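Below is structure.txt, which holds compact mmCIF, C-alpha atoms and all ligand atoms.
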# COMPACT_ATOMS: atom_id res chain seq x y z
CA MET V 606 -55.65 25.56 -33.83
CA LYS V 607 -52.19 25.54 -32.32
CA VAL V 608 -51.30 28.09 -29.66
CA THR V 609 -48.34 29.24 -31.74
CA ASP V 610 -50.63 29.78 -34.76
CA TYR V 611 -52.63 32.24 -32.67
CA PHE V 612 -49.44 34.15 -31.88
CA GLU V 613 -48.38 34.17 -35.53
CA ASN V 614 -51.79 35.35 -36.73
CA ALA V 615 -52.10 38.11 -34.11
CA ASN V 616 -50.20 40.69 -36.20
CA GLY V 617 -48.26 41.90 -33.19
CA GLN V 618 -51.37 42.30 -30.98
CA THR V 619 -51.06 40.99 -27.43
CA LEU V 620 -53.53 38.15 -26.84
CA VAL V 621 -55.04 37.12 -23.53
CA SER V 622 -55.42 33.65 -22.05
CA PHE V 623 -56.55 32.22 -18.74
CA GLU V 624 -55.65 29.24 -16.60
CA VAL V 625 -58.21 27.35 -14.54
CA LEU V 626 -57.89 24.63 -11.92
CA PRO V 627 -60.07 21.52 -11.99
CA PRO V 628 -62.54 21.52 -9.10
CA LEU V 629 -61.79 19.44 -6.03
CA LYS V 630 -63.17 15.93 -6.22
CA GLY V 631 -66.93 16.06 -5.78
CA GLY V 632 -67.10 19.54 -7.33
CA SER V 633 -68.82 20.34 -10.62
CA MET V 634 -68.03 21.99 -13.93
CA ALA V 635 -70.18 24.92 -12.80
CA ALA V 636 -67.20 26.31 -10.88
CA ILE V 637 -65.13 26.38 -14.09
CA PHE V 638 -67.92 27.96 -16.11
CA ASP V 639 -68.56 30.53 -13.35
CA THR V 640 -64.90 31.52 -13.63
CA LEU V 641 -64.76 31.58 -17.41
CA ASP V 642 -68.18 33.00 -18.38
CA PRO V 643 -67.32 36.56 -17.26
CA LEU V 644 -63.90 36.37 -18.94
CA MET V 645 -64.85 35.15 -22.40
CA GLU V 646 -65.71 38.63 -23.69
CA PHE V 647 -61.94 39.30 -23.74
CA LYS V 648 -61.73 36.64 -26.46
CA PRO V 649 -59.02 34.32 -25.19
CA PRO V 650 -58.07 31.99 -28.05
CA PHE V 651 -57.06 29.29 -25.57
CA ILE V 652 -57.64 28.32 -21.94
CA ASP V 653 -55.21 26.26 -19.88
CA VAL V 654 -56.40 23.57 -17.47
CA THR V 655 -53.95 22.47 -14.79
CA TYR V 656 -53.39 18.87 -13.69
CA HIS V 657 -52.82 17.84 -10.10
CA ARG V 658 -51.30 14.60 -9.03
CA GLU V 659 -52.72 12.61 -6.15
CA ASP V 660 -51.27 13.28 -2.75
CA PHE V 661 -51.28 11.33 0.48
CA VAL V 662 -52.51 12.04 3.97
CA TYR V 663 -52.30 10.03 7.14
CA LYS V 664 -55.71 9.36 8.66
CA LYS V 665 -56.12 8.19 12.22
CA MET V 666 -58.05 4.91 12.27
CA PRO V 667 -60.34 3.68 15.13
CA SER V 668 -57.47 1.40 16.19
CA GLY V 669 -55.36 4.47 16.90
CA TYR V 670 -52.94 3.62 14.09
CA TYR V 671 -52.50 5.95 11.15
CA GLU V 672 -53.29 4.81 7.63
CA LYS V 673 -51.79 6.36 4.51
CA ILE V 674 -54.64 7.42 2.21
CA ALA V 675 -54.28 8.59 -1.38
CA ILE V 676 -56.29 11.65 -2.40
CA ARG V 677 -56.84 12.46 -6.06
CA LYS V 678 -57.58 16.08 -5.36
CA ARG V 679 -58.46 17.52 -8.72
CA PRO V 680 -59.35 14.95 -11.36
CA GLY V 681 -60.89 15.75 -14.70
CA THR V 682 -58.42 17.81 -16.75
CA VAL V 683 -59.17 16.07 -20.06
CA GLY V 684 -62.95 16.19 -19.55
CA ILE V 685 -62.77 19.85 -18.55
CA CYS V 686 -60.78 20.66 -21.71
CA ALA V 687 -63.39 18.93 -23.85
CA ALA V 688 -66.21 20.77 -22.03
CA ILE V 689 -64.49 24.15 -22.47
CA MET V 690 -63.98 23.57 -26.18
CA HIS V 691 -67.59 22.49 -26.56
CA ARG V 692 -69.08 25.41 -24.61
CA TYR V 693 -66.93 28.29 -25.84
CA GLY V 694 -65.48 27.09 -29.16
CA VAL V 695 -61.95 28.00 -28.06
CA ASP V 696 -58.92 25.76 -27.70
CA ALA V 697 -58.13 24.19 -24.37
CA VAL V 698 -54.60 23.40 -23.29
CA PRO V 699 -54.34 20.53 -20.81
CA HIS V 700 -51.31 20.49 -18.55
CA LEU V 701 -49.61 17.14 -18.92
CA ILE V 702 -47.30 16.17 -16.09
CA CYS V 703 -44.68 13.46 -15.57
CA GLY V 704 -45.67 12.84 -11.94
CA GLY V 705 -48.01 9.90 -11.41
CA PHE V 706 -47.87 8.69 -15.00
CA SER V 707 -46.00 5.78 -16.53
CA LYS V 708 -44.84 6.38 -20.11
CA GLU V 709 -47.64 4.14 -21.33
CA GLU V 710 -50.29 6.03 -19.38
CA THR V 711 -48.93 9.23 -20.89
CA GLU V 712 -49.15 7.70 -24.34
CA ASN V 713 -52.75 6.64 -23.72
CA ALA V 714 -53.65 10.10 -22.43
CA LEU V 715 -52.14 11.67 -25.55
CA ILE V 716 -54.14 9.30 -27.75
CA ASP V 717 -57.34 10.38 -25.94
CA LEU V 718 -56.44 14.05 -26.37
CA ASN V 719 -55.75 13.53 -30.05
CA PHE V 720 -59.10 11.78 -30.54
CA LEU V 721 -60.79 14.75 -28.85
CA ASN V 722 -59.04 17.12 -31.28
CA ILE V 723 -57.08 18.71 -28.45
CA ASN V 724 -53.86 19.66 -30.19
CA ASN V 725 -52.02 21.66 -27.56
CA VAL V 726 -50.36 20.51 -24.34
CA LEU V 727 -48.26 22.20 -21.70
CA ALA V 728 -45.61 19.58 -20.83
CA LEU V 729 -44.41 19.77 -17.24
CA ARG V 730 -42.64 17.67 -14.70
CA GLY V 731 -45.23 18.44 -12.03
CA ASP V 732 -44.88 19.46 -8.44
CA ALA V 733 -43.57 17.11 -5.79
CA ARG V 734 -46.20 15.54 -3.57
CA SER V 735 -46.13 17.17 -0.17
CA PHE V 736 -45.79 13.68 1.27
CA ASP V 737 -42.60 12.95 -0.71
CA GLY V 738 -40.86 16.27 -0.20
CA LYS V 739 -39.04 15.96 -3.53
CA PHE V 740 -40.26 14.97 -6.96
CA MET V 741 -40.54 11.19 -7.37
CA PRO V 742 -41.29 9.84 -10.85
CA GLU V 743 -43.25 6.64 -11.38
CA PRO V 744 -40.96 3.59 -11.82
CA ASP V 745 -41.71 3.66 -15.55
CA GLY V 746 -42.38 7.39 -15.77
CA HIS V 747 -40.40 10.45 -16.78
CA GLU V 748 -38.08 12.20 -14.38
CA TYR V 749 -37.91 15.50 -16.27
CA ALA V 750 -40.24 17.46 -18.51
CA LEU V 751 -37.59 17.10 -21.25
CA ASP V 752 -38.37 13.38 -21.53
CA LEU V 753 -42.09 14.13 -21.71
CA VAL V 754 -41.51 16.68 -24.48
CA LYS V 755 -39.52 14.01 -26.36
CA GLN V 756 -42.36 11.51 -26.00
CA VAL V 757 -44.94 13.96 -27.37
CA ALA V 758 -42.58 14.96 -30.20
CA ASN V 759 -42.10 11.28 -31.04
CA MET V 760 -45.85 10.79 -31.30
CA ASN V 761 -45.96 13.77 -33.63
CA GLU V 762 -43.60 11.68 -35.79
CA GLY V 763 -45.86 8.63 -35.48
CA LYS V 764 -43.43 6.91 -33.07
CA TYR V 765 -45.14 5.04 -30.23
CA LEU V 766 -43.59 3.18 -27.29
CA ASP V 767 -44.27 -0.13 -29.01
CA ASP V 768 -41.72 -0.41 -31.85
CA ASN V 769 -44.04 -2.87 -33.59
CA ILE V 770 -46.49 -0.08 -34.44
CA GLU V 771 -45.64 0.80 -38.01
CA ASN V 772 -47.19 3.78 -39.76
CA GLY V 773 -48.64 4.94 -36.43
CA LEU V 774 -50.94 7.94 -36.59
CA LYS V 775 -48.90 11.13 -36.37
CA THR V 776 -50.35 13.38 -33.71
CA ASN V 777 -50.16 17.14 -34.17
CA PHE V 778 -49.48 18.53 -30.71
CA CYS V 779 -48.15 22.02 -30.18
CA ILE V 780 -45.98 21.65 -27.08
CA GLY V 781 -45.62 24.42 -24.50
CA ILE V 782 -43.30 24.30 -21.49
CA ALA V 783 -42.74 26.22 -18.25
CA GLY V 784 -40.10 28.90 -17.76
CA TYR V 785 -38.86 30.55 -14.57
CA PRO V 786 -37.76 34.20 -14.75
CA GLU V 787 -36.47 33.89 -11.18
CA LYS V 788 -35.01 30.40 -11.88
CA HIS V 789 -36.53 27.04 -10.97
CA PHE V 790 -35.86 26.50 -7.29
CA GLU V 791 -33.95 23.26 -7.81
CA ALA V 792 -31.61 24.64 -10.48
CA PRO V 793 -28.17 25.66 -9.24
CA ASN V 794 -28.30 28.87 -11.31
CA LEU V 795 -30.27 30.49 -14.13
CA ALA V 796 -27.73 29.51 -16.81
CA THR V 797 -28.08 25.81 -15.99
CA ASP V 798 -31.86 26.11 -15.83
CA LEU V 799 -31.80 27.70 -19.29
CA GLU V 800 -29.63 24.88 -20.68
CA PHE V 801 -32.41 22.46 -19.77
CA THR V 802 -35.04 24.85 -21.12
CA LYS V 803 -33.14 25.02 -24.40
CA ALA V 804 -32.96 21.22 -24.48
CA LYS V 805 -36.78 21.13 -24.26
CA VAL V 806 -37.09 23.62 -27.10
CA ASP V 807 -34.59 21.66 -29.20
CA ALA V 808 -36.66 18.54 -28.48
CA GLY V 809 -39.83 20.13 -29.85
CA ALA V 810 -41.31 22.67 -27.40
CA ARG V 811 -42.76 25.60 -29.33
CA TYR V 812 -43.50 28.19 -26.64
CA ILE V 813 -42.85 28.97 -22.99
CA VAL V 814 -45.26 30.13 -20.30
CA THR V 815 -43.56 31.70 -17.31
CA GLN V 816 -44.00 31.27 -13.64
CA MET V 817 -45.72 34.29 -12.09
CA PHE V 818 -43.56 37.30 -11.24
CA PHE V 819 -44.41 40.65 -9.67
CA ASP V 820 -41.57 42.73 -11.06
CA ASN V 821 -41.53 42.92 -14.86
CA LYS V 822 -37.76 43.35 -14.83
CA TYR V 823 -37.49 39.61 -14.12
CA TYR V 824 -39.49 38.84 -17.25
CA PHE V 825 -37.57 41.24 -19.51
CA ASP V 826 -34.21 39.96 -18.22
CA PHE V 827 -35.38 36.38 -18.63
CA VAL V 828 -36.34 36.95 -22.26
CA LYS V 829 -32.91 38.53 -22.89
CA GLU V 830 -31.12 35.59 -21.26
CA CYS V 831 -33.22 33.09 -23.23
CA ARG V 832 -32.40 34.81 -26.51
CA LYS V 833 -28.69 34.84 -25.58
CA ALA V 834 -28.94 31.12 -24.84
CA GLY V 835 -30.47 30.51 -28.29
CA ILE V 836 -34.05 30.01 -27.07
CA ASN V 837 -36.11 31.79 -29.72
CA VAL V 838 -39.68 30.61 -29.11
CA PRO V 839 -42.47 32.95 -27.86
CA ILE V 840 -42.31 33.55 -24.10
CA VAL V 841 -45.71 34.20 -22.53
CA PRO V 842 -45.72 36.01 -19.18
CA GLY V 843 -47.84 34.31 -16.51
CA LEU V 844 -49.52 36.78 -14.14
CA LYS V 845 -51.41 36.50 -10.89
CA PRO V 846 -52.78 39.33 -8.77
CA LEU V 847 -51.67 39.30 -5.15
CA THR V 848 -54.74 40.27 -3.13
CA LYS V 849 -54.41 38.69 0.32
CA LYS V 850 -52.17 39.41 3.29
CA TYR V 851 -51.13 35.76 3.76
CA GLN V 852 -49.94 35.66 0.13
CA THR V 853 -47.03 37.96 1.00
CA SER V 854 -45.45 34.90 2.61
CA SER V 855 -47.23 31.97 0.91
CA ILE V 856 -46.36 33.05 -2.65
CA PRO V 857 -42.60 33.37 -1.99
CA ARG V 858 -42.71 30.09 -0.04
CA HIS V 859 -44.55 28.06 -2.67
CA PHE V 860 -43.22 29.61 -5.84
CA TYR V 861 -39.70 30.70 -4.82
CA ILE V 862 -40.16 34.22 -6.12
CA ASP V 863 -39.54 37.69 -4.74
CA LEU V 864 -42.20 40.29 -4.02
CA PRO V 865 -41.31 43.94 -4.63
CA GLY V 866 -41.15 45.95 -1.40
CA ASP V 867 -43.70 48.49 -2.63
CA LEU V 868 -46.27 45.78 -3.33
CA SER V 869 -45.89 43.93 -0.03
CA LYS V 870 -45.94 47.25 1.88
CA GLU V 871 -49.16 48.36 0.18
CA ILE V 872 -50.81 45.03 0.87
CA MET V 873 -49.81 45.10 4.54
CA LYS V 874 -50.93 48.73 4.86
CA ALA V 875 -54.36 48.21 3.25
CA LYS V 876 -57.19 48.55 5.76
CA ASN V 877 -59.42 45.69 4.71
CA ALA V 878 -59.87 42.86 2.20
CA GLU V 879 -61.47 45.17 -0.36
CA ALA V 880 -58.54 47.60 -0.20
CA ARG V 881 -56.05 44.72 -0.54
CA THR V 882 -57.87 43.41 -3.61
CA GLN V 883 -57.69 46.89 -5.10
CA VAL V 884 -53.92 47.02 -4.50
CA GLY V 885 -53.53 43.66 -6.27
CA ILE V 886 -55.70 44.74 -9.20
CA GLU V 887 -53.79 47.98 -9.68
CA TRP V 888 -50.39 46.28 -9.47
CA CYS V 889 -51.31 43.54 -11.91
CA THR V 890 -52.91 46.06 -14.29
CA MET V 891 -49.73 48.13 -14.20
CA GLN V 892 -47.61 45.03 -14.93
CA SER V 893 -49.95 43.97 -17.74
CA LYS V 894 -49.96 47.38 -19.41
CA GLU V 895 -46.16 47.58 -19.43
CA LEU V 896 -45.84 44.05 -20.79
CA LYS V 897 -48.43 44.78 -23.47
CA GLU V 898 -46.66 48.00 -24.46
CA ASN V 899 -43.52 45.92 -24.88
CA GLY V 900 -45.28 43.63 -27.34
CA VAL V 901 -45.52 40.35 -25.41
CA PRO V 902 -47.38 37.70 -27.43
CA CYS V 903 -50.02 37.04 -24.79
CA LEU V 904 -50.89 37.86 -21.19
CA HIS V 905 -51.67 34.62 -19.38
CA TYR V 906 -53.62 35.02 -16.14
CA TYR V 907 -53.70 32.44 -13.36
CA THR V 908 -57.34 32.85 -12.35
CA MET V 909 -57.38 30.62 -9.24
CA GLY V 910 -61.18 30.79 -9.50
CA ASP V 911 -61.26 34.57 -8.90
CA ALA V 912 -63.05 35.77 -12.03
CA ALA V 913 -64.08 39.14 -10.58
CA THR V 914 -60.50 40.25 -9.90
CA ILE V 915 -59.14 38.99 -13.21
CA ARG V 916 -62.03 40.64 -15.04
CA LYS V 917 -61.23 44.03 -13.51
CA ILE V 918 -57.60 43.68 -14.61
CA ALA V 919 -58.57 42.62 -18.14
CA GLU V 920 -61.00 45.56 -18.37
CA GLY V 921 -58.13 47.91 -17.53
CA VAL V 922 -55.81 46.39 -20.11
CA PHE V 923 -57.84 45.24 -23.13
P1 LIG J 1001 -38.29 20.36 -15.57
O1 LIG J 1001 -38.10 21.03 -16.87
O2 LIG J 1001 -38.18 18.87 -15.55
O3 LIG J 1001 -37.23 21.00 -14.56
C1 LIG J 1001 -37.24 20.64 -13.18
C2 LIG J 1001 -35.88 20.94 -12.58
O4 LIG J 1001 -34.90 20.00 -13.08
C3 LIG J 1001 -35.31 22.32 -12.93
O5 LIG J 1001 -34.56 22.76 -11.82
C4 LIG J 1001 -34.40 22.07 -14.11
O6 LIG J 1001 -33.34 23.01 -14.17
C5 LIG J 1001 -33.88 20.67 -13.81
N1 LIG J 1001 -33.69 19.84 -15.00
C6 LIG J 1001 -34.45 19.83 -16.11
N2 LIG J 1001 -34.01 18.87 -16.97
C7 LIG J 1001 -32.97 18.27 -16.36
C8 LIG J 1001 -32.11 17.20 -16.74
N3 LIG J 1001 -32.25 16.58 -17.90
N4 LIG J 1001 -31.13 16.81 -15.85
C9 LIG J 1001 -31.00 17.45 -14.67
N5 LIG J 1001 -31.78 18.49 -14.26
C10 LIG J 1001 -32.76 18.89 -15.10
N6 LIG J 1001 -47.39 21.65 -11.68
C11 LIG J 1001 -48.37 20.73 -11.63
O7 LIG J 1001 -48.27 19.75 -10.86
N7 LIG J 1001 -49.50 20.85 -12.41
C12 LIG J 1001 -49.67 21.88 -13.27
O8 LIG J 1001 -50.70 21.96 -13.95
C13 LIG J 1001 -48.64 22.89 -13.37
N8 LIG J 1001 -48.73 23.93 -14.22
C14 LIG J 1001 -47.70 24.82 -14.33
C15 LIG J 1001 -47.78 25.87 -15.27
C16 LIG J 1001 -46.75 26.80 -15.40
C17 LIG J 1001 -46.84 27.89 -16.43
C18 LIG J 1001 -45.61 26.71 -14.54
C19 LIG J 1001 -44.51 27.73 -14.64
C20 LIG J 1001 -45.51 25.67 -13.61
C21 LIG J 1001 -46.54 24.72 -13.50
N9 LIG J 1001 -46.48 23.65 -12.60
C22 LIG J 1001 -47.49 22.71 -12.53
C23 LIG J 1001 -45.34 23.53 -11.68
C24 LIG J 1001 -44.19 22.68 -12.26
O9 LIG J 1001 -44.63 21.38 -12.50
C25 LIG J 1001 -43.06 22.71 -11.23
O10 LIG J 1001 -42.48 23.98 -11.18
C26 LIG J 1001 -42.00 21.64 -11.37
O11 LIG J 1001 -41.23 21.66 -10.17
C27 LIG J 1001 -41.04 21.82 -12.53
O12 LIG J 1001 -41.65 21.58 -13.74
P2 LIG J 1001 -40.85 21.77 -15.12
O13 LIG J 1001 -41.73 21.29 -16.18
O14 LIG J 1001 -40.28 23.12 -15.20
O15 LIG J 1001 -39.66 20.69 -14.87

What would the structure in this file look like if it were written as structure tokens?
Amino acid sequence: MKVTDYFENANGQTLVSFEVLPPLKGGSMAAIFDTLDPLMEFKPPFIDVTYHREDFVYKKMPSGYYEKIAIRKRPGTVGICAAIMHRYGVDAVPHLICGGFSKEETENALIDLNFLNINNVLALRGDARSFDGKFMPEPDGHEYALDLVKQVANMNEGKYLDDNIENGLKTNFCIGIAGYPEKHFEAPNLATDLEFTKAKVDAGARYIVTQMFFDNKYYFDFVKECRKAGINVPIVPGLKPLTKKYQTSSIPRHFYIDLPGDLSKEIMKAKNAEARTQVGIEWCTMQSKELKENGVPCLHYYTMGDAATIRKIAEGVF
């Protein structure tokens, strides 16, 4: 079923969904199942699986020179989606990114997904490789998520890259996109960011999942600004508990978001790891409850492999 169908059929109830990361190369599906098994009792109708582009490192060779080596850190998104659907009978939403894909490779990936009866995708530009510093598309790839959304929407119309394909199979993808309550870090301002978000919705995106935030005001303001800008699709808040001291600087650095003073103070003050985890659980539960009371369509948790913490939050909310 499509993600948006779940929202429509929920009769105003807030749903729950989870996001998992593919294991590092050499890892097994057991890590994914270990994360999801304890969470399935909360009945998520869909599970997201992220996609991570290869990166590069320099390795010192016996000669003393450095060699640039490509690392495909987390392969397997499509296979993981199929395995999740098979094991739990829920929908899986693969993240589809522009980075590292030519348009034809994207088309082929979409054909595979369609054959597997995976009918939802979250269409993203993808992060820059640490090696590049800024996002670099493939020579024949998409520069922005907007172009990826257009490609998926075209396939839903039976339009493939090769004009000679007549009466091509029409795929049936429900397209989700990312949204940034605190603005995407490259956008000059929120209004401009929302113009591009609206362009993605006009091109066929049917719902938005937000970047994590730790102050619900950002989410509520973002929804208001989206509605003012004519963006009327469901906006799903993405949530992550902050449970570690180093995250008080790594999260703002990596995700370009603010942490409320009360939260960072409590985390710094906590006596040990257990106390910090408890602070994170309580904060995220408080955020979740307020969002739920305000009728959000779904609470989407970034699990980062930490099932125990997410489970405690879900127990407090659902
Ligand atoms: P875009 O919509 O392309 O926007 C990127 C920037 O360009 C923005 O500043 C925007 O304002 C601007 N822009 C957009 N269109 C245009 C245009 N036509 N002309 C000029 N400027 C434009 N990354 C991964 O690598 N893998 C994942 O699995 C993944 N999952 C994610 C899930 C969620 C819910 C979120 C919020 C993010 C995720 N990301 C993931 C990170 C995401 O890929 C990065 O934040 C990336 O930098 C931007 O992606 P986007 O789809 O928002 O890009």

*Please identify the residues whose atoms come within 8 Å of ligand LIG 1001 (chain J), using only C-alpha atoms and all ligand atoms, and report them as a PyMOL selection string.*
chain V and resi 626+654-658+699-702+704+727-733+740+748-752+782-785+788-793+797-802+804-805+813-817+843+860

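Going from CA of Ala919 (chain V) to CA of Thr890 (chain V) covers 7.7 Å.
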
*In Å, with one decimal, what is the gap from CA of Pro839 (chain V) to CA of Cys686 (chain V)?*
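CA of Pro839 (chain V) sits 22.9 Å away from CA of Cys686 (chain V).
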
*Extract, using all atoms listed in the file, all DNA, RNA and protein residues at most 7 Å from Ser622 (chain V), discarding same-chain residues fewer than 5 positions from it, and format them as a VMD selection string.*
chain V and resid 649 to 652 903 to 906

Selection export as an mmCIF file, keeping the file's coordinate frame, atoms kept: C-alpha atoms:
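Below is the file that was written, out_23.cif:
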data_model
loop_
_atom_site.group_PDB
_atom_site.id
_atom_site.type_symbol
_atom_site.label_atom_id
_atom_site.label_comp_id
_atom_site.auth_asym_id
_atom_site.auth_seq_id
_atom_site.Cartn_x
_atom_site.Cartn_y
_atom_site.Cartn_z
ATOM 1 C CA PRO V 649 -59.020 34.320 -25.190
ATOM 2 C CA PRO V 650 -58.070 31.990 -28.050
ATOM 3 C CA PHE V 651 -57.060 29.290 -25.570
ATOM 4 C CA ILE V 652 -57.640 28.320 -21.940
ATOM 5 C CA CYS V 903 -50.020 37.040 -24.790
ATOM 6 C CA LEU V 904 -50.890 37.860 -21.190
ATOM 7 C CA HIS V 905 -51.670 34.620 -19.380
ATOM 8 C CA TYR V 906 -53.620 35.020 -16.140
#

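What separates CA of Met690 (chain V) from CA of Ser893 (chain V) is a distance of 26.2 Å.
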
_Distance query 8 Å from (-53.6, 38.6, -10.2) using all atoms listed in the file, result as a ChimeraX atom specification_ = /V:844-848,885-886,889,906-908,914-915,918

*Can you find the residues with an atom no farther than 10 Å from (-46.7, 5.1, -16.0), counting only C-alpha atoms, and report them as a count of residues only?*
17

For Leu864 (chain V), list every protein, DNA or RNA residue within 9 Å, evaluated using all atoms listed in the file, and leave out those in the same chain fewer than 5 positions away; present the list as a CSV table (one decimal) with C-alpha atoms, keeping the file's coordinate frame.
chain,number,residue,atom,x,y,z
V,818,PHE,CA,-43.6,37.3,-11.2
V,819,PHE,CA,-44.4,40.6,-9.7
V,820,ASP,CA,-41.6,42.7,-11.1
V,853,THR,CA,-47.0,38.0,1.0
V,856,ILE,CA,-46.4,33.0,-2.6
V,857,PRO,CA,-42.6,33.4,-2.0
V,869,SER,CA,-45.9,43.9,0.0

Show me, as a Markdown table, the residues of region 834-887 of chain V having an atom within 12 Å of region 806-812 of chain V, each with the closest atom pair and its distance in Å, using only C-alpha atoms.
| residue | atom | partner | partner_atom | distance |
| --- | --- | --- | --- | --- |
| V:Ala834 | CA | V:Val806 | CA | 11.3 |
| V:Gly835 | CA | V:Val806 | CA | 9.6 |
| V:Ile836 | CA | V:Val806 | CA | 7.1 |
| V:Asn837 | CA | V:Val806 | CA | 8.6 |
| V:Val838 | CA | V:Tyr812 | CA | 5.2 |
| V:Pro839 | CA | V:Tyr812 | CA | 5.0 |
| V:Ile840 | CA | V:Tyr812 | CA | 6.0 |
| V:Val841 | CA | V:Tyr812 | CA | 7.6 |
| V:Pro842 | CA | V:Tyr812 | CA | 11.0 |

Please dump the current selection as a tab-separated table (two decimals), in the frame of the given file; keep C-alpha atoms.
chain	number	residue	atom	x	y	z
V	834	ALA	CA	-28.94	31.12	-24.84
V	835	GLY	CA	-30.47	30.51	-28.29
V	836	ILE	CA	-34.05	30.01	-27.07
V	837	ASN	CA	-36.11	31.79	-29.72
V	838	VAL	CA	-39.68	30.61	-29.11
V	839	PRO	CA	-42.47	32.95	-27.86
V	840	ILE	CA	-42.31	33.55	-24.10
V	841	VAL	CA	-45.71	34.20	-22.53
V	842	PRO	CA	-45.72	36.01	-19.18

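Comparing V:Lys897, V:Lys665, V:Arg734, V:Lys917 by their smallest distance to Thr619 (chain V), the closest is V:Lys897 (using only C-alpha atoms).
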
_Residue neighbourhood Met606 (chain V), 9 Å, all atoms listed in the file, exclusion window fewer than 6 positions, as a PyMOL selection string_ = chain V and resi 650+695-696+723-725

*So, counting only C-alpha atoms, which residue among V:Ala912, V:Leu715, V:Leu721, V:Met873 is closest to Phe778 (chain V)?*
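Counting only C-alpha atoms, the residue closest to Phe778 (chain V) is V:Leu715.
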
Leaving out region 769-774 of chain V and any residue of its chain fewer than 5 positions from it, which residues lie within 8 Å of it when counting only C-alpha atoms, given as an mmCIF file with C-alpha atoms, in the frame of the given file?
data_model
loop_
_atom_site.group_PDB
_atom_site.id
_atom_site.type_symbol
_atom_site.label_atom_id
_atom_site.label_comp_id
_atom_site.auth_asym_id
_atom_site.auth_seq_id
_atom_site.Cartn_x
_atom_site.Cartn_y
_atom_site.Cartn_z
ATOM 1 C CA MET V 760 -45.850 10.790 -31.300
ATOM 2 C CA GLY V 763 -45.860 8.630 -35.480
ATOM 3 C CA LYS V 764 -43.430 6.910 -33.070
#

*Return the single residue from V:Glu879, V:Tyr611, V:Asn777, V:Lys822 that is closest to Asn719 (chain V), with distances computed using only C-alpha atoms.*
V:Asn777

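Take the candidates V:Pro902, V:Gly617, V:Gly910, V:Pro627 and check each one against Ala688 (chain V) using all atoms listed in the file; the shortest distance goes to V:Pro627.
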